[in-house]
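What follows is the content of entry05.csv (CSV, C-alpha atoms).
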```
chain,number,residue,atom,x,y,z
A,1297,MET,CA,-58.5,-43.3,62.4
A,1298,GLU,CA,-61.4,-44.6,60.3
A,1299,ARG,CA,-63.3,-41.5,61.2
A,1300,SER,CA,-60.4,-39.4,60.2
A,1301,ASN,CA,-60.1,-41.1,56.8
A,1302,GLU,CA,-63.8,-40.7,56.2
A,1303,ALA,CA,-63.6,-37.0,57.0
A,1304,SER,CA,-60.7,-36.6,54.6
A,1305,LEU,CA,-62.7,-38.3,51.9
A,1306,ASN,CA,-65.6,-36.1,52.6
A,1307,ARG,CA,-63.5,-33.0,52.3
A,1308,GLN,CA,-62.1,-34.3,49.0
A,1309,ARG,CA,-65.6,-35.0,47.8
A,1310,GLN,CA,-66.7,-31.6,48.8
A,1311,ARG,CA,-63.8,-29.9,47.1
A,1312,ARG,CA,-64.5,-31.8,43.9
A,1313,GLN,CA,-68.2,-30.9,44.1
A,1314,ARG,CA,-67.4,-27.3,44.7
A,1315,ASN,CA,-65.0,-27.2,41.7
A,1316,GLU,CA,-67.6,-28.9,39.6
A,1317,ASN,CA,-70.2,-26.4,40.6
A,1318,LEU,CA,-67.9,-23.5,39.9
A,1319,GLU,CA,-67.1,-24.9,36.4
A,1320,ASN,CA,-70.8,-25.1,35.7
A,1321,LEU,CA,-71.7,-21.6,36.7
A,1322,VAL,CA,-74.2,-20.1,34.3
A,1323,ASP,CA,-74.6,-16.4,33.8
A,1324,PRO,CA,-78.2,-15.6,34.6
A,1325,VAL,CA,-78.2,-12.8,31.9
A,1326,THR,CA,-76.8,-14.6,28.9
A,1327,ARG,CA,-77.5,-18.2,30.0
A,1328,GLN,CA,-73.9,-19.0,29.0
A,1329,ASN,CA,-71.3,-20.8,31.1
A,1330,ILE,CA,-69.5,-18.0,32.9
A,1331,ASP,CA,-66.0,-19.5,32.5
A,1332,ASP,CA,-66.6,-20.0,28.8
A,1333,ALA,CA,-68.0,-16.5,28.5
A,1334,ILE,CA,-65.0,-14.9,30.3
A,1335,GLN,CA,-62.6,-16.9,28.2
A,1336,ASN,CA,-64.3,-16.0,25.0
A,1337,LEU,CA,-64.2,-12.3,25.9
A,1338,LYS,CA,-60.5,-12.6,26.9
A,1339,ASP,CA,-59.8,-14.3,23.7
A,1340,TYR,CA,-61.5,-11.6,21.8
A,1341,GLN,CA,-59.5,-9.0,23.8
A,1342,SER,CA,-56.3,-10.6,22.8
A,1343,SER,CA,-57.2,-11.4,19.2
A,1344,GLY,CA,-56.5,-7.9,18.1
A,1345,ARG,CA,-59.9,-7.6,16.4
A,1346,MET,CA,-61.1,-4.7,18.5
A,1347,ASP,CA,-60.6,-1.5,16.7
A,1348,SER,CA,-62.1,0.9,19.2
A,1349,THR,CA,-62.3,1.6,22.8
A,1350,SER,CA,-65.9,2.8,22.7
A,1351,GLY,CA,-69.1,1.4,21.4
A,1352,LYS,CA,-70.9,-1.9,22.1
A,1353,PHE,CA,-67.9,-4.0,21.0
A,1354,GLY,CA,-65.1,-1.7,22.2
A,1355,SER,CA,-62.5,-2.6,24.7
A,1356,ARG,CA,-64.3,-0.8,27.5
A,1357,ALA,CA,-67.6,-2.6,27.0
A,1358,VAL,CA,-65.8,-6.0,26.8
A,1359,LYS,CA,-63.8,-5.2,30.0
A,1360,ALA,CA,-67.0,-4.2,31.7
A,1361,GLU,CA,-68.7,-7.5,30.7
A,1362,ILE,CA,-65.7,-9.5,31.9
A,1363,ASP,CA,-65.9,-7.6,35.2
A,1364,ARG,CA,-69.6,-8.3,35.5
A,1365,LEU,CA,-69.1,-12.0,34.8
A,1366,GLU,CA,-66.2,-12.3,37.3
A,1367,GLY,CA,-68.4,-10.6,39.8
A,1368,GLU,CA,-71.2,-13.1,39.2
A,1369,LYS,CA,-68.7,-15.9,39.6
A,1370,GLN,CA,-67.3,-14.5,42.8
A,1371,LYS,CA,-70.8,-14.1,44.3
A,1372,ALA,CA,-71.7,-17.7,43.4
A,1373,GLU,CA,-68.3,-18.8,44.8
A,1374,ASP,CA,-69.1,-17.0,48.1
A,1375,ARG,CA,-72.5,-18.6,48.2
A,1376,LEU,CA,-71.0,-22.1,47.7
A,1377,ASP,CA,-68.4,-21.5,50.4
A,1378,ARG,CA,-71.1,-20.3,52.8
A,1379,ASP,CA,-73.3,-23.3,52.0
A,1380,SER,CA,-70.4,-25.7,52.4
A,1381,LYS,CA,-69.5,-24.2,55.7
A,1382,GLU,CA,-73.0,-24.5,57.0
A,1383,ASP,CA,-73.1,-28.0,55.7
A,1384,ARG,CA,-70.0,-28.9,57.7
A,1385,GLN,CA,-71.4,-27.3,60.8
A,1386,ARG,CA,-74.5,-29.5,60.4
A,1387,GLY,CA,-72.3,-32.5,60.1
A,1388,GLY,CA,-73.9,-33.7,56.9
A,1389,ALA,CA,-70.8,-33.9,54.8
A,1390,GLY,CA,-70.5,-37.7,54.8
A,1391,GLN,CA,-73.2,-38.4,52.3
A,1392,ASP,CA,-73.3,-38.4,48.6
A,1393,ALA,CA,-73.5,-34.8,47.6
A,1394,SER,CA,-75.6,-35.5,44.6
A,1395,THR,CA,-78.5,-37.2,46.4
A,1396,GLY,CA,-78.5,-35.4,49.7
A,1397,SER,CA,-82.0,-36.2,51.0
A,1398,ARG,CA,-81.3,-39.1,53.3
A,1399,SER,CA,-80.2,-36.8,56.2
A,1400,GLY,CA,-82.6,-34.1,55.2
A,1401,MET,CA,-79.8,-32.1,53.5
A,1402,PRO,CA,-80.7,-30.2,50.3
A,1403,SER,CA,-79.8,-31.9,47.1
A,1404,ILE,CA,-77.2,-30.6,44.7
A,1405,ASP,CA,-80.0,-29.1,42.6
A,1406,GLN,CA,-81.4,-27.4,45.6
A,1407,ARG,CA,-78.0,-26.1,46.6
A,1408,GLU,CA,-77.3,-24.8,43.1
A,1409,ALA,CA,-80.6,-23.1,43.0
A,1410,ALA,CA,-79.9,-21.5,46.3
A,1411,ALA,CA,-76.6,-20.3,45.0
A,1412,GLY,CA,-78.2,-18.8,41.9
A,1413,LEU,CA,-77.0,-21.6,39.6
A,1414,ASN,CA,-79.5,-22.7,37.1
A,1415,ASP,CA,-79.4,-25.5,34.5
A,1416,THR,CA,-75.8,-26.5,35.2
A,1417,MET,CA,-76.1,-29.5,33.0
A,1418,SER,CA,-77.0,-27.6,29.9
A,1419,GLY,CA,-74.4,-27.8,27.1
A,1420,ARG,CA,-72.9,-31.1,28.2
A,1421,GLY,CA,-72.4,-33.5,25.4
A,1422,GLN,CA,-73.2,-30.9,22.8
A,1423,ASP,CA,-70.9,-29.8,20.0
A,1424,ASP,CA,-68.8,-26.9,20.9
A,1425,PRO,CA,-70.4,-23.7,19.7
A,1426,THR,CA,-68.8,-21.8,16.9
A,1427,MET,CA,-67.0,-18.5,17.6
A,1428,ASP,CA,-69.9,-16.7,16.0
A,1429,GLU,CA,-72.3,-18.4,18.4
A,1430,ARG,CA,-70.2,-17.7,21.4
A,1431,GLU,CA,-69.9,-14.1,20.4
A,1432,ALA,CA,-73.6,-13.8,19.8
A,1433,ALA,CA,-74.2,-15.4,23.2
A,1434,ALA,CA,-71.9,-12.9,24.8
A,1435,GLY,CA,-73.8,-10.1,23.1
A,1436,LEU,CA,-71.0,-9.4,20.6
A,1437,ARG,CA,-72.0,-8.8,17.0
A,1438,GLY,CA,-70.3,-7.6,13.9
A,1439,THR,CA,-66.9,-8.3,15.5
A,1440,THR,CA,-65.2,-8.4,12.0
A,1441,THR,CA,-66.3,-5.1,10.9
A,1442,GLY,CA,-63.7,-2.4,10.6
A,1443,ARG,CA,-60.9,-4.7,9.7
A,1444,ASP,CA,-60.3,-2.8,6.5
A,1445,PHE,CA,-59.1,0.4,8.2
A,1446,PRO,CA,-60.4,3.4,6.4
A,1447,ASP,CA,-57.9,6.0,5.2
A,1448,ASP,CA,-59.7,8.8,7.0
A,1449,THR,CA,-60.4,8.0,10.6
A,1450,LYS,CA,-62.1,11.4,11.0
A,1451,ASP,CA,-65.3,10.0,9.5
A,1452,GLN,CA,-65.4,7.3,12.2
A,1453,THR,CA,-64.9,9.6,15.1
A,1454,GLY,CA,-66.8,12.6,13.9
A,1455,ALA,CA,-64.1,14.8,15.5
A,1456,GLU,CA,-63.8,18.3,14.3
A,1457,ASP,CA,-60.5,19.7,13.0
A,1458,GLY,CA,-58.0,20.1,15.7
A,1459,GLU,CA,-59.9,18.1,18.2
A,1460,LEU,CA,-58.6,14.7,19.2
A,1461,PRO,CA,-61.2,12.0,19.5
A,1462,GLU,CA,-61.6,11.0,23.1
A,1463,GLU,CA,-60.5,7.4,22.6
A,1464,GLN,CA,-57.2,8.5,21.1
A,1465,THR,CA,-56.1,9.9,24.4
A,1466,ASP,CA,-57.3,6.8,26.3
A,1467,ASP,CA,-56.4,3.7,24.2
A,1468,PRO,CA,-55.2,4.6,20.7
A,1469,LEU,CA,-54.5,1.1,19.6
A,1470,GLY,CA,-56.6,-0.6,17.0
A,1471,THR,CA,-56.4,-3.2,14.3
A,1472,PHE,CA,-56.0,-2.8,10.6
A,1473,GLY,CA,-55.6,-5.2,7.8
A,1474,VAL,CA,-52.4,-5.6,5.8
A,1475,ILE,CA,-51.0,-8.0,3.2
A,1476,VAL,CA,-47.8,-9.8,3.9
A,1477,ILE,CA,-45.7,-12.1,1.8
A,1478,ILE,CA,-44.9,-15.5,3.3
A,1479,ASN,CA,-43.1,-18.1,1.3
A,1480,ASN,CA,-43.5,-16.0,-1.8
A,1481,ARG,CA,-47.3,-16.0,-1.4
A,1482,PRO,CA,-49.6,-13.2,-0.4
A,1483,HIS,CA,-51.4,-13.5,2.9
A,1484,SER,CA,-53.9,-11.2,4.6
A,1485,ALA,CA,-53.0,-10.2,8.1
A,1486,SER,CA,-54.0,-7.8,10.8
A,1487,VAL,CA,-51.7,-5.4,12.7
A,1488,TYR,CA,-52.6,-4.3,16.2
A,1489,GLY,CA,-51.2,-0.9,16.9
A,1490,GLN,CA,-51.6,2.7,16.4
A,1491,LEU,CA,-52.4,4.2,13.0
A,1492,GLY,CA,-50.4,7.4,12.5
A,1493,PRO,CA,-51.3,10.4,10.5
A,1494,LYS,CA,-51.9,10.2,6.8
A,1495,LEU,CA,-48.7,10.5,4.8
A,1496,GLU,CA,-48.7,12.8,1.8
A,1497,ASP,CA,-47.7,11.4,-1.6
A,1498,PRO,CA,-44.2,12.5,-2.6
B,1104,MET,CA,-41.3,-17.9,9.1
B,1105,ALA,CA,-40.3,-14.7,7.3
B,1106,ALA,CA,-43.1,-12.3,6.4
B,1107,ILE,CA,-42.7,-9.1,4.4
B,1108,LEU,CA,-45.1,-6.3,4.6
B,1109,ARG,CA,-46.5,-5.5,1.2
B,1110,ALA,CA,-45.2,-2.4,-0.5
B,1111,GLY,CA,-46.5,-0.6,-3.6
B,1112,PRO,CA,-48.8,-0.9,-5.3
B,1113,PHE,CA,-46.2,0.9,-7.4
B,1114,ALA,CA,-42.6,1.9,-6.6
B,1115,SER,CA,-39.8,3.8,-8.0
B,1116,SER,CA,-36.1,3.8,-7.1
B,1117,SER,CA,-36.9,6.4,-4.4
B,1118,TYR,CA,-40.3,5.5,-3.1
B,1119,SER,CA,-41.8,2.1,-2.2
B,1120,PHE,CA,-45.4,3.2,-1.8
B,1121,LEU,CA,-46.7,4.9,-4.9
B,1122,ASN,CA,-49.9,5.0,-6.7
B,1123,GLU,CA,-50.1,4.2,-10.3
B,1124,GLN,CA,-48.6,6.8,-12.5
B,1125,ASP,CA,-50.9,8.1,-15.2
B,1126,PRO,CA,-49.7,8.3,-17.9
B,1127,LEU,CA,-47.1,5.6,-17.5
B,1128,ILE,CA,-44.6,7.3,-19.7
B,1129,VAL,CA,-43.6,10.9,-19.2
B,1130,GLY,CA,-41.1,12.4,-21.6
B,1131,ASN,CA,-38.8,10.0,-23.2
B,1132,PHE,CA,-38.3,6.3,-22.9
B,1133,ALA,CA,-35.9,6.5,-20.1
B,1134,ASP,CA,-38.5,8.2,-17.9
B,1135,VAL,CA,-40.4,5.0,-17.3
B,1136,SER,CA,-39.4,4.7,-13.7
B,1137,VAL,CA,-42.5,3.5,-11.8
B,1138,TYR,CA,-43.1,-0.2,-11.6
B,1139,PRO,CA,-45.9,-2.3,-10.3
B,1140,VAL,CA,-44.8,-4.2,-7.2
B,1141,ASN,CA,-45.5,-7.9,-7.2
B,1142,CYS,CA,-45.5,-10.8,-4.8
B,1143,ALA,CA,-42.5,-12.7,-6.1
B,1144,ASN,CA,-43.6,-15.0,-9.0
B,1145,TYR,CA,-47.1,-15.7,-7.7
B,1146,THR,CA,-49.5,-14.8,-10.5
B,1147,SER,CA,-52.6,-16.5,-9.1
B,1148,SER,CA,-53.8,-13.9,-6.6
B,1149,SER,CA,-56.8,-11.8,-7.4
B,1150,ALA,CA,-56.2,-9.8,-4.3
B,1151,TRP,CA,-52.7,-9.0,-5.4
B,1152,PRO,CA,-52.6,-9.3,-9.2
B,1153,TRP,CA,-49.3,-9.7,-10.8
B,1154,ARG,CA,-48.6,-6.7,-13.1
B,1155,TYR,CA,-45.9,-5.4,-15.4
B,1156,ASN,CA,-45.1,-2.5,-17.6
B,1157,ASP,CA,-45.3,-3.2,-21.3
B,1158,VAL,CA,-43.5,-0.4,-23.1
B,1159,LEU,CA,-42.7,0.4,-26.7
B,1160,ASN,CA,-40.3,3.0,-28.0
B,1161,LYS,CA,-40.5,3.5,-31.7
B,1162,THR,CA,-38.5,5.8,-34.0
B,1163,LEU,CA,-39.3,6.0,-37.7
B,1164,THR,CA,-37.2,7.9,-40.1
B,1165,THR,CA,-38.6,8.7,-43.5
B,1166,HIS,CA,-36.8,9.7,-46.6
B,1167,THR,CA,-38.8,12.6,-48.0
B,1168,GLY,CA,-36.7,13.7,-51.1
B,1169,CYS,CA,-33.9,16.2,-51.4
B,1170,GLU,CA,-33.1,19.7,-50.6
B,1171,SER,CA,-35.0,22.1,-52.8
B,1172,THR,CA,-32.7,25.0,-52.0
B,1173,PRO,CA,-30.6,25.9,-55.1
B,1174,GLY,CA,-27.4,24.2,-54.9
B,1175,GLY,CA,-28.7,21.6,-52.5
B,1176,ASP,CA,-27.9,18.0,-53.3
B,1177,SER,CA,-28.6,16.3,-50.0
B,1178,PRO,CA,-31.5,13.9,-49.3
B,1179,THR,CA,-34.0,15.1,-46.8
B,1180,GLU,CA,-35.6,13.0,-44.1
B,1181,SER,CA,-37.9,13.4,-41.1
B,1182,SER,CA,-38.0,11.5,-37.9
B,1183,ALA,CA,-40.7,10.7,-35.5
B,1184,THR,CA,-40.4,9.0,-32.1
B,1185,SER,CA,-43.3,7.7,-30.2
B,1186,ASN,CA,-43.5,6.1,-26.8
B,1187,SER,CA,-46.4,4.0,-25.6
B,1188,GLY,CA,-46.9,1.8,-22.6
B,1189,SER,CA,-49.3,0.4,-20.2
B,1190,VAL,CA,-49.6,-1.6,-17.1
B,1191,LYS,CA,-50.8,-5.1,-17.8
B,1192,THR,CA,-51.8,-8.0,-15.6
B,1193,ALA,CA,-50.2,-11.4,-16.0
B,1194,THR,CA,-51.9,-14.6,-14.9
B,1195,GLY,CA,-48.8,-16.7,-15.8
B,1196,ASN,CA,-46.0,-16.3,-18.3
B,1197,PHE,CA,-46.4,-13.2,-20.4
B,1198,SER,CA,-44.9,-11.6,-23.6
B,1199,ALA,CA,-44.9,-8.6,-25.9
B,1200,SER,CA,-44.5,-8.3,-29.6
B,1201,ASN,CA,-44.1,-5.3,-31.9
B,1202,SER,CA,-43.2,-4.4,-35.4
B,1203,ALA,CA,-42.8,-1.4,-37.6
B,1204,SER,CA,-41.3,-0.3,-40.9
B,1205,SER,CA,-40.3,2.9,-42.8
B,1206,ASN,CA,-38.5,3.8,-46.0
B,1207,ARG,CA,-35.3,4.9,-44.3
B,1208,GLY,CA,-34.8,3.8,-40.7
B,1209,THR,CA,-36.8,1.9,-38.2
B,1210,THR,CA,-36.0,1.3,-34.5
B,1211,ILE,CA,-38.2,-0.4,-32.0
B,1212,VAL,CA,-37.4,-1.1,-28.4
B,1213,THR,CA,-39.7,-3.5,-26.6
B,1214,GLY,CA,-39.5,-3.4,-22.9
B,1215,LEU,CA,-41.0,-5.5,-20.1
B,1216,SER,CA,-40.4,-4.4,-16.5
B,1217,PHE,CA,-41.7,-5.0,-13.1
B,1218,ALA,CA,-40.8,-4.8,-9.4
B,1219,TYR,CA,-41.3,-7.5,-6.8
B,1220,GLN,CA,-40.8,-8.4,-3.2
B,1221,ALA,CA,-39.9,-12.0,-2.3
B,1222,THR,CA,-39.1,-14.1,0.8
B,1223,GLN,CA,-37.2,-16.5,-1.4
B,1224,SER,CA,-35.3,-16.1,-4.7
B,1225,PHE,CA,-37.0,-17.3,-7.8
B,1226,LYS,CA,-36.1,-17.8,-11.5
B,1227,ILE,CA,-37.4,-16.4,-14.7
B,1228,LYS,CA,-36.5,-17.2,-18.3
B,1229,ILE,CA,-36.5,-14.4,-20.8
B,1230,THR,CA,-36.8,-15.3,-24.5
B,1231,TYR,CA,-36.0,-12.8,-27.1
B,1232,ASN,CA,-36.5,-12.8,-30.9
B,1233,GLY,CA,-35.5,-9.8,-33.1
B,1234,LEU,CA,-35.6,-9.6,-36.8
B,1235,ALA,CA,-34.6,-6.8,-39.2
B,1236,SER,CA,-35.2,-6.9,-42.9
B,1237,ALA,CA,-35.1,-4.7,-46.0
B,1238,SER,CA,-37.1,-5.0,-49.1
B,1239,ALA,CA,-35.5,-6.3,-52.3
B,1240,GLY,CA,-32.8,-4.1,-53.8
B,1241,GLN,CA,-32.1,-2.1,-50.7
B,1242,THR,CA,-28.8,-1.8,-49.1
B,1243,ILE,CA,-28.7,-2.1,-45.3
B,1244,ASP,CA,-26.6,0.5,-43.5
B,1245,SER,CA,-23.9,-0.7,-41.2
B,1246,SER,CA,-25.3,1.1,-38.2
B,1247,SER,CA,-28.2,-1.4,-38.1
B,1248,ASN,CA,-28.2,-3.6,-35.0
B,1249,ILE,CA,-30.2,-5.8,-32.7
B,1250,LEU,CA,-29.5,-5.7,-29.0
B,1251,PHE,CA,-30.9,-7.5,-26.0
B,1252,PHE,CA,-30.2,-6.1,-22.5
B,1253,ASP,CA,-31.7,-6.6,-19.1
B,1254,SER,CA,-31.2,-5.6,-15.4
B,1255,SER,CA,-28.2,-8.0,-15.1
B,1256,GLY,CA,-26.2,-5.5,-17.1
B,1257,SER,CA,-25.2,-7.9,-19.8
B,1258,THR,CA,-26.0,-7.3,-23.4
B,1259,ILE,CA,-26.4,-9.6,-26.4
B,1260,ASP,CA,-26.3,-8.3,-29.9
B,1261,GLY,CA,-26.5,-9.6,-33.5
B,1262,PHE,CA,-27.9,-8.8,-36.9
B,1263,PRO,CA,-30.1,-9.3,-38.9
B,1264,SER,CA,-31.7,-11.6,-36.4
B,1265,LEU,CA,-31.2,-12.3,-32.8
B,1266,SER,CA,-32.8,-15.1,-30.9
B,1267,GLY,CA,-32.1,-16.7,-27.6
B,1268,SER,CA,-33.0,-16.9,-24.0
B,1269,VAL,CA,-31.5,-16.1,-20.6
B,1270,THR,CA,-32.3,-17.4,-17.2
B,1271,ARG,CA,-32.2,-15.0,-14.3
B,1272,THR,CA,-32.4,-15.6,-10.6
B,1273,LEU,CA,-34.1,-12.8,-8.9
B,1274,PRO,CA,-33.0,-12.5,-5.2
B,1275,ALA,CA,-35.2,-12.3,-2.2
B,1276,SER,CA,-35.9,-8.8,-1.1
B,1277,THR,CA,-38.0,-7.1,1.5
B,1278,VAL,CA,-38.1,-3.8,-0.5
B,1279,PRO,CA,-39.2,-3.6,-4.1
B,1280,VAL,CA,-36.6,-4.7,-6.6
B,1281,PHE,CA,-36.8,-3.8,-10.2
B,1282,PHE,CA,-36.3,-6.0,-13.2
B,1283,ASN,CA,-36.2,-4.9,-16.8
B,1284,ALA,CA,-35.7,-6.7,-20.1
B,1285,SER,CA,-35.5,-4.9,-23.4
B,1286,LEU,CA,-35.0,-5.8,-27.0
B,1287,SER,CA,-33.9,-3.1,-29.5
B,1288,VAL,CA,-34.2,-3.8,-33.2
B,1289,GLY,CA,-32.8,-1.1,-35.5
B,1290,ILE,CA,-32.4,-1.1,-39.2
B,1291,VAL,CA,-31.4,1.7,-41.7
B,1292,ILE,CA,-31.4,1.4,-45.4
B,1293,GLU,CA,-29.4,3.7,-47.7
B,1294,PHE,CA,-30.9,6.3,-49.9
B,1295,PRO,CA,-31.8,5.4,-53.4
B,1296,ASP,CA,-29.7,6.4,-56.3
B,1297,ASP,CA,-32.1,9.3,-57.1
B,1298,ILE,CA,-32.1,11.0,-53.7
B,1299,CYS,CA,-34.8,13.4,-54.7
B,1300,ILE,CA,-37.4,10.6,-55.1
B,1301,PRO,CA,-38.5,9.2,-51.7
B,1302,ASN,CA,-37.4,5.6,-51.4
B,1303,THR,CA,-40.0,3.1,-52.3
B,1304,GLY,CA,-38.2,0.4,-50.4
B,1305,SER,CA,-38.7,-0.4,-46.7
B,1306,ALA,CA,-36.8,-1.2,-43.6
B,1307,SER,CA,-38.7,-3.4,-41.3
B,1308,ALA,CA,-38.2,-4.4,-37.7
B,1309,SER,CA,-40.0,-6.9,-35.4
B,1310,SER,CA,-39.3,-8.0,-31.9
B,1311,SER,CA,-40.8,-10.2,-29.3
B,1312,LEU,CA,-40.0,-10.7,-25.6
B,1313,SER,CA,-41.4,-13.3,-23.3
B,1314,VAL,CA,-41.0,-13.9,-19.6
B,1315,GLU,CA,-41.5,-17.4,-18.2
B,1316,PHE,CA,-41.7,-18.2,-14.5
B,1317,LEU,CA,-39.5,-21.3,-13.8
```
Show me, as structure tokens, the structure contained in the file I just sent.
Amino acid sequence: MERSNEASLNRQRQRRQRNENLENLVDPVTRQNIDDAIQNLKDYQSSGRMDSTSGKFGSRAVKAEIDRLEGEKQKAEDRLDRDSKEDRQRGGAGQDASTGSRSGMPSIDQREAAAGLNDTMSGRGQDDPTMDEREAAAGLRGTTTGRDFPDDTKDQTGAEDGELPEEQTDDPLGTFGVIVIINNRPHSASVYGQLGPKLEDP
Amino acid sequence: MAAILRAGPFASSSYSFLNEQDPLIVGNFADVSVYPVNCANYTSSSAWPWRYNDVLNKTLTTHTGCESTPGGDSPTESSATSNSGSVKTATGNFSASNSASSNRGTTIVTGLSFAYQATQSFKIKITYNGLASASAGQTIDSSSNILFFDSSGSTIDGFPSLSGSVTRTLPASTVPVFFNASLSVGIVIEFPDDICIPNTGSASASSSLSVEFL
């Protein structure tokens, strides 16, 4: 019975440790917490500030970056699962996972290094980075440009007359700025949607 | 939370998204039909300045003498009408004042107008002051009159002076709504005894309109 309880505690400890490791995954490219980076990119996707599908900050690039980060996360998760399984097979699950050396098991630092996790303590206790800092860390710059949607979109796309820009057939949605009245006061706002053809003056 | 998409910057009764008309007045006074669209009574925005039409219609009739044709014994006169107007920016309450005179008849119509969109109704107070006068020894014709009228459809008249104020509640509207207030001051003096000598007297008119946001 006592052994069963101890095993249960060990499993719980392992799960906690695994979750903590997953939360502290750092992207080896940007050196940013992977979960934070994914969340930032998803926030950016849903913020309506993207005005193009192409380009460095377009929806495609952002989606690709999210896919890459999620891939990195999945790989690390697989490595952790594999290490955990090997650990159990070696019967070393009963010890403090953070010290690890009494039975010759690798320490947490060693396991993280083996799983490709580096500097998992960085960022703890620091002030939350600003949105600009997060965007810069994710390789996103100039994300506010293009909010004032130009009258003539042709100049942006470089398309010839009669030729639809490629992105219009793929994802024609974009963001443009407007002014709205709320409580009898003017407010700036952005509309996420499709800009139609230019209307002629009556 | 109600939000209204901005229309304008100018609007007419038919179109809510017009550019500024240049010139403001085409043809006669009644053709002023394009109004700057404002955000309710909020005059503090540099991004969306509060603007209005300031318009003046002036008609001056001059006694020039008498008919020179043999047998003619009628006085002669000439009349000139001018229209002017511009779009002005208000940073709070605003007003307009005009005056004119001639030796026969003077009519000035001062108009202030604008369009707006609003999520809630708001109130304005319009104050009007009109004065008509003739120089000493002149007889004022009975056709002279001072008249205030605005978009509410009501009119207020009097003579030789008219002063007062009205308060209007402008209703909320998602599309541009127009408001216009005008004060017409008209005075005519009779011809002198010697109709062949242009009258040396004068008929003067002055008017002022002011709009106050309550």
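In terms of minimum interatomic distance to Val1158 of chain B, B:Ser1285 ranks closest within B:Ser1285, B:Ser1204, B:Ser1257, B:Ser1305, counting only C-alpha atoms.
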Kindly provide, as a short mmCIF file (atom, residue, chain, number, x, y, z; two decimals) with C-alpha atoms, in the coordinates of the input, the residues of chain A having any atom no farther than 6 Å from an atom of chain B, counting only C-alpha atoms.
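Below is the file that was written, part-v9.cif:
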```
data_model
loop_
_atom_site.label_atom_id
_atom_site.label_comp_id
_atom_site.auth_asym_id
_atom_site.auth_seq_id
_atom_site.Cartn_x
_atom_site.Cartn_y
_atom_site.Cartn_z
CA ILE A 1475 -51.00 -8.00 3.20
CA VAL A 1476 -47.80 -9.80 3.90
CA ILE A 1477 -45.70 -12.10 1.80
CA ILE A 1478 -44.90 -15.50 3.30
CA ASN A 1479 -43.10 -18.10 1.30
CA ASN A 1480 -43.50 -16.00 -1.80
#
```
Considering all atoms listed in the file, can you say which of B:Thr1164, B:Ser1177, B:Ser1254, B:Phe1294 comes closest to Ala1218 of chain B?
B:Ser1254
Using all atoms listed in the file, which of A:Glu1366, A:Asp1339, A:Arg1314, A:Ala1333 sits nearest Asp1379 of chain A?
A:Arg1314
Neighbour list for Thr1270 of chain B as a list in words, cut-off 7 Å, all atoms listed in the file, skip fewer than 3 positions in-chain:
Lys1226, Ile1227, Lys1228 and Ile1229 of chain B
Those residues you just picked out, can you put them in a file as an mmCIF file, keeping the file's coordinate frame with C-alpha atoms?
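Once everything was written out, this is selection_38.cif:
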```cif
data_model
loop_
_atom_site.group_PDB
_atom_site.id
_atom_site.type_symbol
_atom_site.label_atom_id
_atom_site.label_comp_id
_atom_site.auth_asym_id
_atom_site.auth_seq_id
_atom_site.Cartn_x
_atom_site.Cartn_y
_atom_site.Cartn_z
ATOM 1 C CA LYS B 1226 -36.100 -17.800 -11.500
ATOM 2 C CA ILE B 1227 -37.400 -16.400 -14.700
ATOM 3 C CA LYS B 1228 -36.500 -17.200 -18.300
ATOM 4 C CA ILE B 1229 -36.500 -14.400 -20.800
#
```
In Å, how far is it from atom CA of Ser1236 of chain B to atom CA of Ser1307 of chain B?
5.2 Å
Got a sec: who's within 7 Å of Val1288 of chain B, counting all atoms listed in the file, leaving out chain neighbours fewer than 5 positions off, as a short mmCIF file (atom, residue, chain, number, x, y, z; two decimals) with C-alpha atoms, in the coordinates of the input?
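What follows is the written file out03.cif:
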```cif
data_model
loop_
_atom_site.label_atom_id
_atom_site.label_comp_id
_atom_site.auth_asym_id
_atom_site.auth_seq_id
_atom_site.Cartn_x
_atom_site.Cartn_y
_atom_site.Cartn_z
CA THR B 1210 -36.00 1.30 -34.50
CA ILE B 1211 -38.20 -0.40 -32.00
CA VAL B 1212 -37.40 -1.10 -28.40
CA GLY B 1233 -35.50 -9.80 -33.10
CA LEU B 1234 -35.60 -9.60 -36.80
CA ALA B 1235 -34.60 -6.80 -39.20
CA ASN B 1248 -28.20 -3.60 -35.00
CA ILE B 1249 -30.20 -5.80 -32.70
CA LEU B 1250 -29.50 -5.70 -29.00
CA ALA B 1308 -38.20 -4.40 -37.70
CA SER B 1309 -40.00 -6.90 -35.40
CA SER B 1310 -39.30 -8.00 -31.90
#
```
Identify which of the residues B:Ala1193, B:Ser1266, B:Asn1283, B:Ser1187 lies closest to Leu1215 of chain B, counting all atoms listed in the file when measuring atom-to-atom distances.
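That would be B:Asn1283, the residue with the smallest distance to Leu1215 of chain B.
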What is the atom CA of Gln1310 of chain A to atom CA of Arg1375 of chain A distance in Å?
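Distance between the two atoms: 14.2 Å.
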Can you measure atom CA of Thr1172 of chain B to atom CA of Gly1208 of chain B for me? One decimal in Å is fine.
24.1 Å
Kindly extract all protein, DNA and RNA residues lying within 9 Å of the coordinates (-47.7, 0.9, -5.7) given in the file, considering all atoms listed in the file, and supply them as a list in words.
Ala1110, Gly1111, Pro1112, Phe1113, Ala1114, Ser1115, Ser1119, Phe1120, Leu1121, Asn1122, Glu1123, Val1137, Tyr1138, Pro1139 and Val1140 of chain B
For Gln1241 of chain B, the nearest of the candidates B:Thr1179, B:Asn1206, B:Thr1194, B:Thr1184, counting all atoms listed in the file
B:Asn1206
